[in-house]
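Structure file data.txt (compact mmCIF, C-alpha atoms and all ligand atoms) is printed below.
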```
# COMPACT_ATOMS: atom_id res chain seq x y z
CA MET A 94 -63.00 2.84 -8.79
CA LYS A 95 -62.01 1.36 -5.48
CA GLY A 96 -60.09 -1.80 -6.16
CA TYR A 97 -62.30 -4.27 -4.44
CA ASP A 98 -65.51 -3.47 -6.21
CA ALA A 99 -64.90 -1.43 -9.34
CA PRO A 100 -63.96 -4.42 -11.49
CA VAL A 101 -67.17 -6.13 -10.47
CA ARG A 102 -69.04 -3.06 -11.55
CA ARG A 103 -67.11 -3.01 -14.81
CA ALA A 104 -68.01 -6.59 -15.46
CA VAL A 105 -71.67 -5.86 -14.85
CA PHE A 106 -71.62 -2.88 -17.13
CA PHE A 107 -69.84 -4.75 -19.86
CA SER A 108 -72.33 -7.54 -19.76
CA LEU A 109 -75.09 -4.95 -19.89
CA LEU A 110 -73.46 -3.22 -22.81
CA LEU A 111 -72.56 -6.52 -24.47
CA LEU A 112 -71.80 -5.29 -26.50
CA SER A 113 -38.22 6.24 -19.29
CA ALA A 114 -40.42 9.42 -18.39
CA PRO A 115 -41.49 11.66 -21.19
CA ALA A 116 -39.69 14.85 -21.97
CA ALA A 117 -41.20 18.21 -21.14
CA ALA A 118 -42.07 18.78 -24.79
CA ALA A 119 -44.67 16.02 -24.83
CA THR A 120 -48.16 17.13 -25.76
CA HIS A 121 -49.71 13.93 -24.44
CA ASP A 122 -49.12 11.98 -21.24
CA VAL A 123 -49.95 8.49 -20.11
CA GLY A 124 -50.33 7.03 -16.65
CA TYR A 125 -51.99 4.30 -14.63
CA ASN A 126 -54.56 3.87 -11.93
CA VAL A 127 -52.66 2.37 -9.00
CA HIS A 128 -55.20 2.88 -6.18
CA GLN A 129 -52.88 2.73 -3.15
CA SER A 130 -50.20 0.31 -4.31
CA LEU A 131 -46.68 1.58 -3.88
CA ASP A 132 -44.94 -1.78 -4.14
CA THR A 133 -46.56 -2.96 -7.38
CA GLY A 134 -48.73 -0.24 -8.94
CA VAL A 135 -46.10 2.46 -8.99
CA PRO A 136 -43.27 0.32 -10.44
CA VAL A 137 -45.61 -1.13 -13.07
CA SER A 138 -46.57 2.39 -14.14
CA ALA A 139 -42.90 3.31 -14.44
CA ALA A 140 -42.14 0.12 -16.39
CA CYS A 141 -45.11 0.60 -18.73
CA GLY A 142 -44.42 4.13 -19.92
CA GLY A 143 -46.44 5.93 -17.27
CA SER A 144 -45.39 9.31 -15.94
CA ILE A 145 -48.34 9.87 -13.61
CA VAL A 146 -50.24 7.64 -11.20
CA ARG A 147 -53.84 8.17 -10.14
CA ILE A 148 -54.26 7.37 -6.47
CA ASP A 149 -57.22 7.06 -4.11
CA LEU A 150 -56.71 9.72 -1.46
CA ASN A 151 -59.82 8.58 0.34
CA TRP A 152 -61.43 11.06 2.70
CA PHE A 153 -62.73 8.35 5.03
CA GLN A 154 -59.19 7.04 5.48
CA ALA A 155 -57.39 10.38 5.71
CA GLU A 156 -59.88 11.86 8.20
CA PRO A 157 -61.35 8.93 10.14
CA LYS A 158 -62.65 11.28 12.82
CA GLU A 159 -63.63 14.88 12.35
CA GLY A 160 -60.52 17.04 12.36
CA MET A 161 -58.22 14.07 13.04
CA HIS A 162 -56.07 13.36 10.03
CA ASP A 163 -53.97 10.30 9.35
CA TRP A 164 -51.74 10.90 6.34
CA THR A 165 -49.33 8.01 6.87
CA LEU A 166 -50.57 5.86 3.98
CA PHE A 167 -50.63 8.79 1.57
CA ASP A 168 -47.27 10.22 2.63
CA ASN A 169 -45.64 6.90 1.80
CA LEU A 170 -47.55 6.49 -1.45
CA ILE A 171 -46.97 9.99 -2.78
CA ASP A 172 -43.32 10.21 -1.76
CA GLY A 173 -42.72 6.70 -3.09
CA ALA A 174 -44.32 7.51 -6.43
CA ARG A 175 -42.29 10.68 -6.83
CA ALA A 176 -39.12 8.80 -5.95
CA ARG A 177 -39.84 6.59 -8.96
CA GLY A 178 -40.33 9.55 -11.28
CA GLN A 179 -44.11 9.46 -11.20
CA ARG A 180 -46.29 12.51 -10.82
CA VAL A 181 -49.46 12.06 -8.78
CA LEU A 182 -53.12 12.65 -9.54
CA ALA A 183 -54.91 12.46 -6.19
CA VAL A 184 -58.61 11.60 -6.19
CA LEU A 185 -60.27 13.28 -3.22
CA SER A 186 -63.44 11.33 -2.58
CA TYR A 187 -65.60 9.10 -0.39
CA THR A 188 -67.40 10.37 2.68
CA PRO A 189 -66.47 9.27 6.21
CA ALA A 190 -69.50 8.11 8.19
CA TRP A 191 -69.11 10.97 10.65
CA ALA A 192 -69.59 13.54 7.84
CA SER A 193 -72.59 11.87 6.22
CA ALA A 194 -75.81 13.77 5.68
CA GLY A 195 -77.69 10.48 5.46
CA ASN A 196 -77.13 6.97 4.19
CA LYS A 197 -79.66 6.72 1.40
CA ASP A 198 -78.79 3.23 0.24
CA GLY A 199 -78.34 1.92 3.79
CA LYS A 200 -75.07 0.33 2.77
CA ARG A 201 -71.64 1.95 2.86
CA ALA A 202 -71.31 5.54 4.01
CA ASP A 203 -68.56 6.42 1.54
CA ASN A 204 -71.06 7.20 -1.23
CA ASP A 205 -73.14 9.39 1.07
CA VAL A 206 -73.73 13.06 0.42
CA PRO A 207 -71.63 14.90 3.01
CA ARG A 208 -73.03 17.54 5.31
CA PRO A 209 -72.21 21.04 4.05
CA GLY A 210 -68.83 22.49 4.90
CA PHE A 211 -66.86 19.36 5.69
CA TYR A 212 -65.58 18.26 2.29
CA GLU A 213 -63.85 21.55 1.59
CA LYS A 214 -62.14 21.44 4.99
CA PHE A 215 -60.74 18.04 4.14
CA VAL A 216 -59.67 19.18 0.67
CA ARG A 217 -57.97 22.23 2.11
CA ALA A 218 -56.06 20.11 4.62
CA ALA A 219 -55.02 17.59 1.96
CA VAL A 220 -53.86 20.21 -0.52
CA GLU A 221 -51.99 22.17 2.14
CA ARG A 222 -50.15 18.99 3.04
CA TYR A 223 -49.33 17.89 -0.51
CA ARG A 224 -49.19 21.09 -2.58
CA ASP A 225 -45.40 20.88 -2.77
CA ARG A 226 -45.65 17.33 -4.18
CA VAL A 227 -48.97 17.04 -6.01
CA GLU A 228 -50.28 19.38 -8.71
CA HIS A 229 -53.46 17.58 -9.81
CA PHE A 230 -56.52 16.94 -7.66
CA GLU A 231 -59.62 15.17 -8.93
CA LEU A 232 -62.86 16.11 -7.17
CA TRP A 233 -64.56 12.78 -6.54
CA ASN A 234 -64.73 9.63 -8.64
CA GLU A 235 -67.64 8.83 -10.96
CA PRO A 236 -70.19 10.88 -8.99
CA ASN A 237 -72.88 10.01 -11.55
CA LEU A 238 -72.91 6.43 -10.29
CA GLU A 239 -74.87 5.89 -7.10
CA GLU A 240 -72.32 3.33 -6.05
CA PHE A 241 -69.90 6.24 -5.59
CA PHE A 242 -72.17 9.22 -4.86
CA GLU A 243 -75.78 9.12 -3.77
CA GLY A 244 -76.54 12.75 -4.53
CA THR A 245 -77.90 14.68 -7.47
CA PRO A 246 -75.83 16.64 -10.00
CA GLN A 247 -76.85 19.82 -8.16
CA GLN A 248 -75.65 18.39 -4.84
CA TYR A 249 -72.39 17.40 -6.44
CA VAL A 250 -71.92 20.94 -7.73
CA ASP A 251 -72.92 22.62 -4.46
CA LEU A 252 -71.29 20.31 -1.91
CA ILE A 253 -68.29 18.85 -3.76
CA LEU A 254 -67.23 20.60 -6.94
CA LYS A 255 -67.55 24.30 -6.12
CA PRO A 256 -66.34 24.28 -2.51
CA GLY A 257 -63.74 21.62 -3.27
CA ALA A 258 -62.29 23.55 -6.20
CA ASP A 259 -62.21 26.76 -4.17
CA ALA A 260 -60.37 24.91 -1.41
CA VAL A 261 -57.80 23.51 -3.86
CA HIS A 262 -57.13 26.91 -5.40
CA ALA A 263 -57.04 28.71 -2.04
CA ALA A 264 -54.44 26.30 -0.71
CA CYS A 265 -52.50 26.09 -3.96
CA PRO A 266 -53.19 28.67 -6.69
CA SER A 267 -51.04 26.78 -9.21
CA CYS A 268 -52.71 23.40 -8.57
CA LYS A 269 -55.20 22.01 -11.05
CA THR A 270 -58.73 20.79 -10.37
CA ILE A 271 -60.01 17.86 -12.41
CA ALA A 272 -63.72 17.09 -12.74
CA PRO A 273 -66.46 15.92 -13.13
CA ASP A 274 -64.98 12.48 -13.74
CA VAL A 275 -68.20 10.93 -14.97
CA ALA A 276 -68.53 7.32 -16.03
CA THR A 277 -70.03 7.11 -19.53
CA VAL A 278 -72.52 4.40 -18.64
CA GLY A 279 -76.26 4.61 -18.32
CA ASP A 280 -78.11 7.56 -19.81
CA GLN A 281 -77.44 10.30 -17.25
CA TYR A 282 -73.82 11.21 -17.94
CA ALA A 283 -74.72 13.95 -20.41
CA LEU A 284 -76.94 15.54 -17.76
CA TRP A 285 -74.04 15.45 -15.34
CA MET A 286 -71.76 17.07 -17.90
CA LYS A 287 -74.37 19.74 -18.62
CA THR A 288 -75.02 20.54 -14.97
CA THR A 289 -71.41 20.63 -13.87
CA LEU A 290 -70.18 22.63 -16.85
CA GLU A 291 -73.08 25.07 -16.94
CA LEU A 292 -72.95 25.77 -13.23
CA ALA A 293 -69.28 25.41 -12.40
CA LYS A 294 -67.01 25.19 -15.42
CA ASP A 295 -64.96 28.08 -14.05
CA LYS A 296 -64.02 25.83 -11.11
CA ILE A 297 -62.69 23.09 -13.38
CA ASP A 298 -59.18 23.39 -14.78
CA ILE A 299 -59.20 20.04 -16.57
CA VAL A 300 -62.31 18.17 -17.69
CA SER A 301 -62.25 14.45 -16.97
CA GLY A 302 -64.32 11.40 -17.75
CA HIS A 303 -64.10 7.63 -18.12
CA VAL A 304 -64.74 5.56 -21.24
CA TYR A 305 -65.03 1.79 -21.37
CA ALA A 306 -66.19 0.74 -24.81
CA GLY A 307 -64.70 -1.07 -27.75
CA PHE A 308 -63.40 0.53 -30.90
CA PRO A 309 -65.43 0.21 -34.11
CA LYS A 310 -64.73 -3.16 -35.69
CA TYR A 311 -65.43 -2.05 -39.24
CA PRO A 312 -66.50 1.11 -41.06
CA GLY A 313 -70.05 1.90 -40.10
CA ASP A 314 -69.99 -0.29 -36.97
CA THR A 315 -72.82 1.15 -34.94
CA ALA A 316 -72.44 -0.81 -31.71
CA PRO A 317 -71.93 1.49 -28.72
CA ASN A 318 -68.30 2.35 -29.09
CA PHE A 319 -65.43 4.35 -27.69
CA PHE A 320 -65.94 7.35 -29.94
CA ALA A 321 -69.68 7.50 -29.30
CA LYS A 322 -68.88 8.14 -25.65
CA LEU A 323 -65.81 10.26 -26.25
CA GLU A 324 -66.74 12.68 -29.00
CA SER A 325 -69.48 11.67 -31.43
CA HIS A 326 -72.70 10.26 -29.98
CA ARG A 327 -74.84 7.92 -32.03
CA ILE A 328 -77.98 9.11 -33.76
CA LEU A 329 -80.08 6.39 -35.33
CA ARG A 330 -82.51 7.41 -38.05
CA LEU A 331 -85.20 5.81 -40.13
CA PRO A 332 -84.82 6.05 -43.91
CA ASP A 333 -87.06 9.15 -43.86
CA GLY A 334 -84.71 10.87 -41.44
CA THR A 335 -86.78 10.40 -38.30
CA VAL A 336 -84.54 10.03 -35.27
CA VAL A 337 -85.45 6.85 -33.44
CA TYR A 338 -82.64 6.75 -30.90
CA GLU A 339 -79.91 9.05 -29.66
CA ASP A 340 -77.08 8.30 -27.26
CA PRO A 341 -76.43 10.80 -24.51
CA LEU A 342 -74.19 13.60 -25.72
CA SER A 343 -70.55 12.53 -25.66
CA LEU A 344 -67.93 14.02 -23.36
CA ARG A 345 -66.32 16.22 -26.00
CA GLU A 346 -69.63 17.35 -27.47
CA SER A 347 -70.67 18.36 -23.96
CA MET A 348 -67.47 20.32 -23.46
CA ILE A 349 -68.12 22.22 -26.68
CA LYS A 350 -71.83 22.77 -26.08
CA TYR A 351 -71.41 24.02 -22.52
CA GLY A 352 -68.46 26.34 -23.03
CA ALA A 353 -65.52 24.20 -21.95
CA ALA A 354 -64.04 23.48 -25.37
CA ASN A 355 -60.76 25.18 -24.56
CA LYS A 356 -60.05 23.24 -21.39
CA PRO A 357 -57.78 20.19 -21.55
CA PHE A 358 -59.42 16.79 -21.31
CA TRP A 359 -58.05 13.88 -19.32
CA LEU A 360 -59.38 10.37 -19.74
CA THR A 361 -58.74 9.22 -16.19
CA GLU A 362 -60.00 5.66 -16.68
CA THR A 363 -60.13 3.40 -19.70
CA GLY A 364 -59.03 -0.14 -20.36
CA GLU A 365 -59.89 -3.64 -21.39
CA LYS A 366 -59.86 -6.84 -19.40
CA ALA A 367 -57.35 -9.60 -20.13
CA LYS A 368 -56.67 -12.55 -17.88
CA TYR A 369 -52.95 -13.10 -17.54
CA GLY A 370 -51.93 -16.09 -19.65
CA ASP A 371 -54.92 -15.87 -22.01
CA ALA A 372 -52.97 -14.99 -25.14
CA ALA A 373 -55.97 -13.96 -27.22
CA ALA A 374 -57.37 -11.73 -24.49
CA MET A 375 -53.99 -10.16 -23.80
CA ASP A 376 -53.53 -9.46 -27.50
CA LYS A 377 -56.96 -7.86 -27.64
CA GLN A 378 -56.06 -5.70 -24.65
CA ALA A 379 -52.84 -4.65 -26.36
CA VAL A 380 -54.74 -3.67 -29.51
CA TYR A 381 -57.26 -1.68 -27.46
CA THR A 382 -54.40 0.08 -25.72
CA ARG A 383 -52.72 0.88 -29.03
CA LYS A 384 -55.92 2.33 -30.44
CA VAL A 385 -56.31 4.59 -27.42
CA LEU A 386 -52.81 5.94 -27.98
CA GLU A 387 -53.33 6.32 -31.73
CA SER A 388 -56.57 8.18 -31.11
CA MET A 389 -54.81 10.65 -28.81
CA LEU A 390 -52.33 11.66 -31.51
CA THR A 391 -54.86 13.56 -33.61
CA ARG A 392 -56.76 15.11 -30.70
CA SER A 393 -54.83 17.96 -29.10
CA TRP A 394 -57.66 18.59 -26.61
CA TRP A 395 -57.22 15.09 -25.14
CA HIS A 396 -54.04 15.53 -23.19
CA THR A 397 -53.71 12.61 -20.80
CA THR A 398 -54.89 9.03 -20.45
CA ILE A 399 -54.73 7.15 -17.16
CA PHE A 400 -55.20 3.49 -17.98
CA TYR A 401 -57.27 1.25 -15.73
CA GLU A 402 -55.32 -0.24 -14.22
CA ALA A 403 -51.73 -1.01 -13.31
CA PHE A 404 -52.00 -4.60 -12.11
CA ASP A 405 -54.14 -7.52 -11.05
CA GLU A 406 -54.01 -9.28 -7.70
CA PRO A 407 -53.56 -13.02 -8.27
CA VAL A 408 -56.25 -14.04 -5.79
CA MET A 409 -58.84 -11.61 -7.12
CA PRO A 410 -61.07 -12.24 -10.16
CA TYR A 411 -60.29 -8.85 -11.70
CA ASP A 412 -58.07 -8.64 -14.75
CA TRP A 413 -58.00 -5.09 -16.02
CA GLY A 414 -54.32 -4.78 -15.16
CA PHE A 415 -51.30 -4.33 -17.38
CA ALA A 416 -49.50 -6.78 -15.12
CA LEU A 417 -50.18 -9.60 -12.69
CA ARG A 418 -48.69 -9.27 -9.24
CA ASP A 419 -46.51 -12.30 -8.58
CA PRO A 420 -44.22 -12.31 -5.56
CA ALA A 421 -42.24 -15.17 -7.15
CA ALA A 422 -41.35 -13.12 -10.24
CA PRO A 423 -38.03 -11.23 -10.24
CA ASP A 424 -39.72 -7.81 -10.19
CA GLY A 425 -42.74 -8.93 -8.18
CA TYR A 426 -45.02 -8.84 -11.21
CA ARG A 427 -45.46 -10.26 -14.70
CA LEU A 428 -46.24 -7.86 -17.52
CA LYS A 429 -48.94 -8.27 -20.16
CA PRO A 430 -48.23 -7.30 -23.80
CA ALA A 431 -50.18 -4.02 -23.49
CA CYS A 432 -47.40 -2.73 -21.26
CA ALA A 433 -44.87 -2.89 -24.08
CA VAL A 434 -47.24 -1.03 -26.42
CA VAL A 435 -47.35 1.98 -24.12
CA ALA A 436 -43.68 1.78 -23.19
CA LYS A 437 -42.64 1.80 -26.85
CA ALA A 438 -45.00 4.63 -27.81
CA VAL A 439 -43.78 6.77 -24.94
CA ALA A 440 -40.14 6.02 -25.72
CA ARG A 441 -40.39 6.59 -29.47
CA GLN A 442 -43.35 8.85 -30.33
CA PRO A 443 -42.45 12.56 -30.05
CA LEU A 444 -46.01 13.57 -29.08
CA PHE A 445 -45.66 11.36 -26.01
CA GLY A 446 -42.21 12.80 -25.32
CA GLY A 447 -40.38 9.98 -27.08
CA LYS A 448 -37.15 10.28 -28.98
CA GLY A 449 -38.00 8.56 -32.22
CA ALA A 450 -40.29 8.79 -35.22
CA ASP A 451 -43.69 7.67 -36.42
CA CYS A 452 -42.12 4.79 -38.36
CA ASP A 453 -40.74 3.22 -35.17
CA ASP A 454 -43.30 3.92 -32.43
CA GLY A 455 -45.42 0.77 -32.56
CA LEU A 456 -48.46 2.76 -33.64
CA ASP A 457 -50.49 2.92 -36.84
CA ASN A 458 -50.24 6.68 -36.90
CA GLU A 459 -52.47 7.49 -39.86
CA GLY A 460 -54.82 4.53 -39.88
CA ASP A 461 -53.93 2.52 -42.98
CA GLY A 462 -53.67 -0.72 -41.00
CA LYS A 463 -49.88 -0.88 -41.31
CA ILE A 464 -47.49 -0.23 -38.45
CA ASP A 465 -43.94 1.14 -38.69
CA PHE A 466 -41.01 0.24 -40.92
CA PRO A 467 -41.00 -1.96 -42.90
CA ALA A 468 -44.70 -2.93 -42.76
CA ASP A 469 -45.95 0.54 -43.65
CA ASP A 470 -44.72 1.23 -47.17
CA ASP A 471 -44.65 4.96 -46.51
CA CYS A 472 -41.73 4.24 -44.18
CA SER A 473 -38.39 4.05 -46.01
CA ALA A 474 -36.60 3.56 -42.70
CA ALA A 475 -37.33 3.40 -38.99
CA THR A 476 -36.34 7.04 -38.82
CA THR A 477 -38.95 8.18 -41.34
CA VAL A 478 -41.00 10.81 -39.57
CA SER A 479 -44.40 10.08 -41.12
CA GLU A 480 -46.42 7.00 -42.06
CA GLY A 481 -48.11 9.00 -44.79
CA ALA A 482 -51.47 10.64 -45.27
CA PRO A 483 -54.61 9.15 -43.71
CA PRO A 484 -56.60 7.03 -46.14
CA PRO A 485 -60.01 8.38 -47.10
CA ILE A 486 -62.83 7.31 -44.81
CA ASP A 487 -64.75 4.57 -46.58
CA SER A 488 -67.86 3.48 -44.77
CA GLY A 489 -69.73 2.30 -47.83
CA THR A 490 -67.88 -0.83 -48.83
CA VAL A 491 -69.75 -3.15 -46.51
CA GLU A 492 -73.46 -3.29 -45.97
CA GLU A 493 -73.93 -2.54 -42.30
CA SER A 494 -76.50 -5.27 -41.88
CA ASP A 495 -74.09 -7.80 -43.39
CA ALA A 496 -71.21 -6.62 -41.30
CA ALA A 497 -73.24 -6.61 -38.13
CA THR A 498 -74.14 -10.24 -38.50
CA ASN A 499 -70.99 -11.31 -40.24
CA PRO A 500 -67.96 -9.43 -38.91
CA ALA A 501 -65.75 -11.53 -41.18
CA ALA A 502 -67.16 -9.49 -44.05
CA ALA A 503 -65.63 -6.36 -42.58
CA PRO A 504 -62.62 -5.02 -44.43
CA GLU A 505 -60.88 -3.69 -41.33
CA GLY A 506 -59.67 -6.06 -38.65
CA ASP A 507 -57.67 -5.43 -35.52
CA GLY A 508 -54.81 -4.19 -37.63
CA GLY A 509 -56.79 -1.04 -38.32
CA CYS A 510 -56.14 2.19 -36.57
CA GLY A 511 -59.48 3.06 -35.09
CA CYS A 512 -58.08 6.52 -34.68
CA ARG A 513 -60.92 8.29 -36.41
CA ALA A 514 -64.49 8.28 -35.33
CA PRO A 515 -66.93 6.47 -37.58
CA ARG A 516 -69.80 8.36 -39.11
CA THR A 517 -72.60 7.64 -36.72
CA SER A 518 -75.23 10.08 -37.81
CA GLU A 519 -76.48 8.01 -40.70
CA THR A 520 -77.63 4.50 -40.11
CA SER A 521 -79.12 2.10 -42.57
CA TRP A 522 -82.51 0.55 -42.00
CA GLY A 523 -80.93 -2.87 -42.30
CA ALA A 524 -78.99 -2.46 -39.07
CA LEU A 525 -81.73 -0.74 -37.14
CA VAL A 526 -83.27 -3.70 -35.39
CA LEU A 527 -79.92 -4.77 -34.05
CA LEU A 528 -79.08 -1.22 -33.06
CA LEU A 529 -82.26 -0.70 -31.14
CA GLY A 530 -81.60 -3.89 -29.24
CA LEU A 531 -78.11 -2.76 -28.36
CA ALA A 532 -79.31 0.71 -27.47
CA ARG A 533 -81.82 -0.62 -25.00
CA ARG A 534 -79.22 -2.80 -23.39
CA SER A 535 -76.86 0.12 -22.95
CA ARG A 536 -79.39 2.10 -20.93
CA ARG A 537 -79.74 1.52 -17.23
CA CA A 601 -74.54 5.08 1.36
CA CA A 602 -45.85 4.05 -36.35
CA CA A 603 -49.72 3.22 -40.84
CA CA A 604 -48.93 4.53 -44.46
```

How does this structure look as structure tokens?
Ligand SMILES: [Ca+2]
Ligand SMILES: [Ca+2]
Ligand SMILES: [Ca+2]
Ligand SMILES: [Ca+2]
Amino acid sequence: MKGYDAPVRRAVFFSLLLLSAPAAAATHDVGYNVHQSLDTGVPVSAACGGSIVRIDLNWFQAEPKEGMHDWTLFDNLIDGARARGQRVLAVLSYTPAWASAGNKDGKRADNDVPRPGFYEKFVRAAVERYRDRVEHFELWNEPNLEEFFEGTPQQYVDLILKPGADAVHAACPSCKTIAPDVATVGDQYALWMKTTLELAKDKIDIVSGHVYAGFPKYPGDTAPNFFAKLESHRILRLPDGTVVYEDPLSLRESMIKYGAANKPFWLTETGEKAKYGDAAAMDKQAVYTRKVLESMLTRSWWHTTIFYEAFDEPVMPYDWGFALRDPAAPDGYRLKPACAVVAKAVARQPLFGGKGADCDDGLDNEGDGKIDFPADDDCSAATTVSEGAPPPIDSGTVEESDAATNPAAAPEGDGGCGCRAPRTSETSWGALVLLLGLARRSRR
């Protein structure tokens, strides 16, 4: 997640996979990952409909020597964000070298397992300092990736999650702990969900995870997709019913299976790359963003999305941002089209706290491929409250094998909603060879 290397990791994983603030009545919130950028990240979040910023409150920076805290950076960031109407989600992670129990990979110390007792002291100090300004604390970032945590799920539970959550709640009983913040890549994330929820779900107020995967391109699209990681994992069967491949259990399925179904879920990272100025890529990013928002509308358990990420640095080869920092621009940045998608949804869609109606929120609310008045013929005016009933799910109109090799044959293009999960439990033999190839590539 750290700005200088996370996008590289994203790029690697993708190639492997190939494949105005809301009102209090809002049931869904949106925000942005800003790392530690007060001058660009925070204003971009405010401009792009965000009400909360996810920041890196790095342990190794805040406590460079044991017991010696330096809060200067975080004081400025948190106070600056709040001054712009942004709430703060603080990620408490990354071990200082002095607290390391051993540097397994021989590289950076910040992914090291800490010696027992030190993480909770840091958490306690951080929460005591910020409890009057920050309500949400995330306990580490993507601990299931060795790049960010070298330990086992059990070590995460014993040394980070349990003592960290106890420290948050001791310092601030009304504050919320967010975990386990797994990345849905590789084949171990379901194990991490199982271990953390079985052993420590009582320590977690809000379940979090990250999803980077495209939306289904057509009914029956069986490429690894957003919903397979979020709520409905893929099961590939032979014609006789034999299961030949299964994805790891999705985040939501894990929450249900391991007794955390009633906790809120926050998607604290998701996004799609788009180089500023590449019109096709920026349009694709805007569609991805819209589909995330549309998908939230029908899922009350999925409360908040923190998009990755607020902005790109012009000299860096990372382009996940909703804006490009540009000191020559009037505001210091140039916005990509995805920004307007979120800003409009938040301004107009009541479930995001907006003061408008379904027929003027920029979203395809029910998934018929038509957006707002006058395009959606269920809208008699921009003030019409509903775009109509969802169309029936039709996954049988295109042979999956045809669609897989010839996406042009698919009846649903980017105008489609993508707001409902495809049926993934039944897969035709015709698509199996392709699927197995994709499945192998998605495993690390
Ligand atoms: Ca290390
Ligand atoms: Ca709409
Ligand atoms: Ca519609
Ligand atoms: Ca309609």

Residue neighbourhood region 155-162 of chain A, 8 Å, only C-alpha atoms, exclusion window fewer than 5 positions, as a list in words: Leu150, Pro189, Trp191, Ala192 and Phe215 of chain A

Take the residues from that selection and put them in a file with C-alpha atoms, as a short mmCIF file (atom, residue, chain, number, x, y, z; two decimals), in the frame of the given file.
```
data_model
loop_
_atom_site.label_atom_id
_atom_site.label_comp_id
_atom_site.auth_asym_id
_atom_site.auth_seq_id
_atom_site.Cartn_x
_atom_site.Cartn_y
_atom_site.Cartn_z
CA LEU A 150 -56.71 9.72 -1.46
CA PRO A 189 -66.47 9.27 6.21
CA TRP A 191 -69.11 10.97 10.65
CA ALA A 192 -69.59 13.54 7.84
CA PHE A 215 -60.74 18.04 4.14
#
```

Protein and nucleic residues near ligand CA 604 (chain A), 10 Å, all atoms listed in the file, as number ranges by chain: A: 452, 457-466, 468-472, 479-484

Using all atoms listed in the file, determine which residues lie at most 7 Å from region 395-398 of chain A, disregarding the query and same-chain residues fewer than 4 positions distant; provide the list as an mmCIF file with C-alpha atoms, keeping the file's coordinate frame.
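Result saved to out.cif:
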```
data_model
loop_
_atom_site.group_PDB
_atom_site.id
_atom_site.type_symbol
_atom_site.label_atom_id
_atom_site.label_comp_id
_atom_site.auth_asym_id
_atom_site.auth_seq_id
_atom_site.Cartn_x
_atom_site.Cartn_y
_atom_site.Cartn_z
ATOM 1 C CA THR A 120 -48.160 17.130 -25.760
ATOM 2 C CA HIS A 121 -49.710 13.930 -24.440
ATOM 3 C CA ASP A 122 -49.120 11.980 -21.240
ATOM 4 C CA VAL A 123 -49.950 8.490 -20.110
ATOM 5 C CA GLY A 124 -50.330 7.030 -16.650
ATOM 6 C CA PRO A 357 -57.780 20.190 -21.550
ATOM 7 C CA PHE A 358 -59.420 16.790 -21.310
ATOM 8 C CA TRP A 359 -58.050 13.880 -19.320
ATOM 9 C CA LEU A 360 -59.380 10.370 -19.740
ATOM 10 C CA THR A 361 -58.740 9.220 -16.190
ATOM 11 C CA MET A 389 -54.810 10.650 -28.810
#
```

Selection near Asp225 (chain A), 12 Å with all atoms listed in the file, sequence-local residues under 2 positions removed, as a JSON list (two decimals) with C-alpha atoms, keeping the file's coordinate frame:
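The new file selection.json reads:
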```json
[["chain", "number", "residue", "atom", "x", "y", "z"],
["A", 171, "ILE", "CA", -46.97, 9.99, -2.78],
["A", 172, "ASP", "CA", -43.32, 10.21, -1.76],
["A", 175, "ARG", "CA", -42.29, 10.68, -6.83],
["A", 180, "ARG", "CA", -46.29, 12.51, -10.82],
["A", 181, "VAL", "CA", -49.46, 12.06, -8.78],
["A", 219, "ALA", "CA", -55.02, 17.59, 1.96],
["A", 220, "VAL", "CA", -53.86, 20.21, -0.52],
["A", 221, "GLU", "CA", -51.99, 22.17, 2.14],
["A", 222, "ARG", "CA", -50.15, 18.99, 3.04],
["A", 223, "TYR", "CA", -49.33, 17.89, -0.51],
["A", 227, "VAL", "CA", -48.97, 17.04, -6.01],
["A", 228, "GLU", "CA", -50.28, 19.38, -8.71],
["A", 229, "HIS", "CA", -53.46, 17.58, -9.81],
["A", 264, "ALA", "CA", -54.44, 26.30, -0.71],
["A", 265, "CYS", "CA", -52.50, 26.09, -3.96],
["A", 266, "PRO", "CA", -53.19, 28.67, -6.69],
["A", 267, "SER", "CA", -51.04, 26.78, -9.21],
["A", 268, "CYS", "CA", -52.71, 23.40, -8.57]]
```

Within 7 Å of ligand CA 601 (chain A) (all atoms listed in the file), residues as a count of residues only: 11
